[in-house]
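Here's the structure, in structure tokens; my notes come after.
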Amino acid sequence: MSLRSRHPRIPGAFASFGLSALLGLGLFIGPAAAQVATIAPRLSPVDHMLYVRAGTYEVWQDTTRLGTEFYTTYMTAKRDSMISSSVITYELRSRNRRLRYEKQTLRITSAEDNSLYLYQAKELIGEQDRALSLTCHDTTATIYHEDSGKGEGAVVELPPGRVYVFDPSVYEQVEWLARDFAQGASPTRTMHAVIPARDTVIAVQVTRGSKEKIAGPGGKSMSAQRIDIFDDLTKIQVWLDDDGNLVRLEAPAQKVRVVRLPAGADEADALARAQGPANSSGTAVRR
């Protein structure tokens with residue numbers, strides 16, 4: 001299902017997880033005359049927020065280690081909004097040369113029902129910089145793209161209900177969708193996600209698998225809930241721990257594997273910079 005697309009030939013909902021799609025993403029952003037203004041949400045400083053969770057993923061494609069993603073989620077002091085951010089750093093190879101890829105994202109959702117308000121991303125691929133901003137309204141979303149100072153915008157129709165985000169190389173967004181589904185009792189459900197890089201909303205089927213023994217952070221054996229997410233062409237599998245944290249992801253068609261690393265100094269620093277944990281135990285809040 002696609003509600004709106006400037007680029008209708010989309011090879012599956014999860015094709016953007018592959019390295020080749022990541023390197024070729026610039027082909028889909030054309031020049032325009034208007035420059036995109038940055039939307040600056042009015043948020044409290046981080047030290048006035050409550051810590052929810054943080055984590056580090058290590059991303060592999062086939063036998064190649066691409067890099068890492070570190071994410072944090074905070075709740076505003078009034079407990080009405082959730083602020084999630086990711087920092088992705090890859091060392092890629094392109095035509096026998098090294099190419100550094102960096103990406104930073106920001107997502108703001110409702111703390112009450114996890115509805116999406118705003119998503120922003122800024123990325124640097126070698127010497128090329130790009131940015132996008134997505135703002136949700138009642139029945140539509142406005143998406144602005146900017147490439148080397150030139151930008152364009154599009155309006156896409158949103159289906160009823162909650163909408164998620166799938167953006168290349170950002171796996172915390174998959175955790176977000178899988179966690180929400182796992183909290184319910186339904187064995188299967190159709191869910192919607194916007195792919196802002198392509199101005200498209202897609203429908204995916206999400207199915208609850210069994211609890212399985214897998215190698216968790218640091219290689220330690222653990223029991224995890226498997227969640228299958230798929231469309232007509234592609235399927236990925238996600239394993240969540242008891243707190244709803246993604247500990248493993250596999251996208252066989254793209255030969256992508258994502259593993260959660262043991263918590264370290266970055267996670268400790270994320271907690272230290274907050275006013276306190278969002279719950280009394282100081283562990284991740286499952287929302």
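Ordered as shown in the structure tokens, chains take letters A, B, and onward, while each chain numbers its residues from 1 and ligands are numbered from 1 in the order shown.
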Residues of stretch 184-226 of chain A in helix (DSSP H, G or I), written as a PyMOL selection string = chain A and resi 196-198+217-219
Neighbouring residues of A:Glu58 were defined as those with any atom within 12 Å, considering only C-alpha atoms; residues of the same chain fewer than 2 positions away were excluded. Please report them as an mmCIF file with N, CA and C atoms, in the first residue's frame.
```
data_model
loop_
_atom_site.group_PDB
_atom_site.id
_atom_site.type_symbol
_atom_site.label_atom_id
_atom_site.label_comp_id
_atom_site.auth_asym_id
_atom_site.auth_seq_id
_atom_site.Cartn_x
_atom_site.Cartn_y
_atom_site.Cartn_z
ATOM 1 N N GLY A 55 20.803 2.922 23.919
ATOM 2 C CA GLY A 55 21.391 1.679 23.461
ATOM 3 C C GLY A 55 22.292 1.892 22.265
ATOM 4 N N THR A 56 23.157 0.908 22.019
ATOM 5 C CA THR A 56 24.078 0.949 20.891
ATOM 6 C C THR A 56 23.902 -0.302 20.049
ATOM 7 N N TRP A 60 25.893 -4.868 10.577
ATOM 8 C CA TRP A 60 26.689 -5.657 9.648
ATOM 9 C C TRP A 60 25.906 -5.886 8.370
ATOM 10 N N GLN A 61 26.603 -5.916 7.253
ATOM 11 C CA GLN A 61 26.021 -6.384 6.000
ATOM 12 C C GLN A 61 26.902 -7.482 5.459
ATOM 13 N N THR A 64 30.672 -7.694 6.374
ATOM 14 C CA THR A 64 31.262 -6.364 6.519
ATOM 15 C C THR A 64 30.612 -5.611 7.673
ATOM 16 N N ARG A 65 31.418 -5.144 8.589
ATOM 17 C CA ARG A 65 30.911 -4.302 9.668
ATOM 18 C C ARG A 65 30.771 -2.887 9.137
ATOM 19 N N LEU A 66 29.532 -2.362 9.134
ATOM 20 C CA LEU A 66 29.309 -1.011 8.616
ATOM 21 C C LEU A 66 29.630 0.049 9.663
ATOM 22 N N GLY A 67 29.163 -0.165 10.906
ATOM 23 C CA GLY A 67 29.383 0.835 11.943
ATOM 24 C C GLY A 67 28.385 0.664 13.063
ATOM 25 N N THR A 68 28.060 1.775 13.728
ATOM 26 C CA THR A 68 27.201 1.712 14.904
ATOM 27 C C THR A 68 26.112 2.779 14.862
ATOM 28 N N GLU A 69 25.079 2.528 15.630
ATOM 29 C CA GLU A 69 24.032 3.510 15.906
ATOM 30 C C GLU A 69 23.861 3.598 17.414
ATOM 31 N N PHE A 70 23.958 4.802 17.952
ATOM 32 C CA PHE A 70 23.693 5.034 19.374
ATOM 33 C C PHE A 70 22.439 5.872 19.490
ATOM 34 N N TYR A 71 21.483 5.426 20.276
ATOM 35 C CA TYR A 71 20.229 6.161 20.412
ATOM 36 C C TYR A 71 19.906 6.427 21.873
ATOM 37 N N ILE A 88 24.402 7.874 13.956
ATOM 38 C CA ILE A 88 24.891 6.737 13.178
ATOM 39 C C ILE A 88 26.228 7.109 12.558
ATOM 40 N N THR A 89 27.192 6.218 12.667
ATOM 41 C CA THR A 89 28.509 6.421 12.078
ATOM 42 C C THR A 89 28.924 5.146 11.367
ATOM 43 N N TYR A 90 29.125 5.237 10.048
ATOM 44 C CA TYR A 90 29.572 4.107 9.246
ATOM 45 C C TYR A 90 30.885 4.463 8.557
ATOM 46 N N SER A 169 19.149 3.227 7.655
ATOM 47 C CA SER A 169 20.221 3.116 8.648
ATOM 48 C C SER A 169 19.785 3.434 10.075
ATOM 49 N N VAL A 170 18.504 3.731 10.313
ATOM 50 C CA VAL A 170 18.048 4.075 11.658
ATOM 51 C C VAL A 170 17.207 2.907 12.187
ATOM 52 N N TYR A 171 17.812 2.050 13.002
ATOM 53 C CA TYR A 171 17.139 0.836 13.450
ATOM 54 C C TYR A 171 16.357 1.032 14.733
ATOM 55 N N GLU A 172 16.619 2.108 15.454
ATOM 56 C CA GLU A 172 15.800 2.411 16.631
ATOM 57 C C GLU A 172 14.339 2.575 16.246
ATOM 58 N N PRO A 217 23.371 -9.236 24.002
ATOM 59 C CA PRO A 217 24.540 -8.363 24.108
ATOM 60 C C PRO A 217 25.713 -9.074 24.771
ATOM 61 N N GLY A 218 26.870 -8.968 24.154
ATOM 62 C CA GLY A 218 28.046 -9.627 24.687
ATOM 63 C C GLY A 218 28.092 -11.119 24.444
ATOM 64 N N LEU A 246 15.324 -3.826 21.385
ATOM 65 C CA LEU A 246 15.773 -4.638 20.270
ATOM 66 C C LEU A 246 17.181 -5.161 20.576
ATOM 67 N N VAL A 247 17.328 -6.495 20.574
ATOM 68 C CA VAL A 247 18.636 -7.078 20.840
ATOM 69 C C VAL A 247 19.242 -7.708 19.586
ATOM 70 N N ARG A 248 18.395 -7.951 18.578
ATOM 71 C CA ARG A 248 18.895 -8.513 17.325
ATOM 72 C C ARG A 248 17.892 -8.232 16.210
ATOM 73 N N LEU A 249 18.397 -7.979 15.009
ATOM 74 C CA LEU A 249 17.567 -7.789 13.829
ATOM 75 C C LEU A 249 18.255 -8.474 12.660
ATOM 76 N N VAL A 256 21.560 -8.048 6.006
ATOM 77 C CA VAL A 256 21.813 -7.102 7.087
ATOM 78 C C VAL A 256 21.565 -7.784 8.424
ATOM 79 N N ARG A 257 22.463 -7.538 9.346
ATOM 80 C CA ARG A 257 22.343 -8.080 10.703
ATOM 81 C C ARG A 257 22.674 -6.956 11.683
ATOM 82 N N VAL A 258 21.811 -6.771 12.673
ATOM 83 C CA VAL A 258 21.999 -5.732 13.681
ATOM 84 C C VAL A 258 22.011 -6.396 15.050
ATOM 85 N N VAL A 259 23.025 -6.105 15.855
ATOM 86 C CA VAL A 259 23.123 -6.684 17.195
ATOM 87 C C VAL A 259 23.291 -5.564 18.212
ATOM 88 N N ARG A 260 22.690 -5.757 19.360
ATOM 89 C CA ARG A 260 22.811 -4.775 20.434
ATOM 90 C C ARG A 260 24.096 -5.042 21.210
ATOM 91 N N LEU A 261 24.855 -3.995 21.469
ATOM 92 C CA LEU A 261 26.080 -4.126 22.230
ATOM 93 C C LEU A 261 25.806 -3.938 23.722
ATOM 94 N N PRO A 262 26.648 -4.494 24.585
ATOM 95 C CA PRO A 262 26.468 -4.263 26.028
ATOM 96 C C PRO A 262 26.515 -2.774 26.350
#
```
key: Spatial neighbours of A:Asp147, max dist 7 Å, only C-alpha atoms, sep filter under 4 positions, as a PyMOL selection string   = chain A and resi 129-131+151
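Residues within 6 Å of A:Ile143, counting only C-alpha atoms and excluding same-chain residues fewer than 3 positions away, are Ser133, Leu134, Gly153 and Ala154 of chain A.
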request  = Please give the complete set of residues from stretch 13-256 of chain A that DSSP, run on the backbone, assigns to strand (DSSP E), formatted as a ChimeraX atom specification.
outcome  = /A:50-61,64-75,81-94,97-110,116-125,128-136,140-147,150-157,163-165,188-195,200-215,221-230,235-240,246-251,256
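Reported to one decimal place, the separation of atom CA of A:Thr190 from atom CA of A:Ser84 is 23.8 Å.
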ask   = Can you tell me how far atom CA of A:Arg273 sits from atom CA of A:Thr72, in Å to one decimal?
value = 11.1 Å
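Closest approach to A:Ile214 among A:Ala182, A:Ala270, A:Val238, A:Ile83: A:Val238, based on only C-alpha atoms.
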ask   = Near A:Asn245, counting only C-alpha atoms, which residues have an atom at most 9 Å away, once you skip same-chain residues fewer than 2 positions from it, shown as a PyMOL selection string?
value = chain A and resi 53+55+175-176+179+239-243+247+260+284+286
Just to be explicit: take each residue in the selection above, keep C-alpha atoms, and write the result as a compact mmCIF listing (two decimals), in the first residue's frame.
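Output saved as result_37.txt:
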```txt
# COMPACT_ATOMS: atom_id res chain seq x y z
CA ARG A 53 16.36 4.30 27.50
CA GLY A 55 21.39 1.68 23.46
CA GLU A 175 12.48 -1.11 17.69
CA TRP A 176 9.87 1.60 18.25
CA ARG A 179 7.88 -2.59 20.92
CA TRP A 239 14.07 -10.03 18.72
CA LEU A 240 13.08 -8.00 21.81
CA ASP A 241 14.14 -8.54 25.42
CA ASP A 242 11.71 -8.37 28.34
CA ASP A 243 12.03 -4.56 28.47
CA VAL A 247 18.64 -7.08 20.84
CA ARG A 260 22.81 -4.77 20.43
CA ALA A 284 14.17 1.27 30.46
CA ARG A 286 8.55 0.11 27.90
```
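Among A:Val87, A:Ala121, A:Ala77, A:Ala224, the residue with the shortest atom-to-atom distance to A:Gln275, counting only C-alpha atoms, is A:Ala77.
The shell of residues at most 8 Å from A:Met191, with only C-alpha atoms counted and near chain neighbours (fewer than 5 positions) removed, consists of Arg162, Val163, Ala203, Val204, Gln205 and Val206 of chain A.
With only C-alpha atoms as the atoms that count, the minimum distance from A:Gly216 to the choices A:Ala185, A:Ala263, A:Leu124, A:Ala193 is reached by A:Ala263.
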key: Test item: residues at most 10 Å from A:Asp113, only C-alpha atoms, excluding those fewer than 5 positions along its chain, as an MDAnalysis selection string   = chainID A and resid 80:81 162 180 287
Which residues of stretch 119-143 of chain A come within 9 Å of stretch 102-107 of chain A, and for each one, what is the closest pair of atoms and their distance in Å to one decimal, counting only C-alpha atoms, sorted by chain and residue number, as a Markdown table?
```
| residue | atom | partner | partner_atom | distance |
| --- | --- | --- | --- | --- |
| A:Tyr119 | CA | A:Arg107 | CA | 4.4 |
| A:Gln120 | CA | A:Leu106 | CA | 5.2 |
| A:Ala121 | CA | A:Thr105 | CA | 4.3 |
| A:Lys122 | CA | A:Gln104 | CA | 5.3 |
| A:Glu123 | CA | A:Lys103 | CA | 4.1 |
| A:Leu124 | CA | A:Glu102 | CA | 5.1 |
| A:Ile125 | CA | A:Glu102 | CA | 6.6 |
| A:Gly126 | CA | A:Glu102 | CA | 8.7 |
```
Output the selection as a CSV table (one decimal), in the first residue's frame - C-alpha atoms for each residue.
```csv
chain,number,residue,atom,x,y,z
A,119,TYR,CA,11.0,13.8,12.6
A,120,GLN,CA,14.2,15.3,11.4
A,121,ALA,CA,17.4,13.8,10.0
A,122,LYS,CA,20.7,15.3,8.9
A,123,GLU,CA,23.3,13.2,7.1
A,124,LEU,CA,26.8,13.5,5.6
A,125,ILE,CA,28.0,11.1,3.0
A,126,GLY,CA,31.6,11.9,2.1
```
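Interatomic distance, atom CA of A:Ala178 against atom CA of A:Ile236: 11.1 Å.
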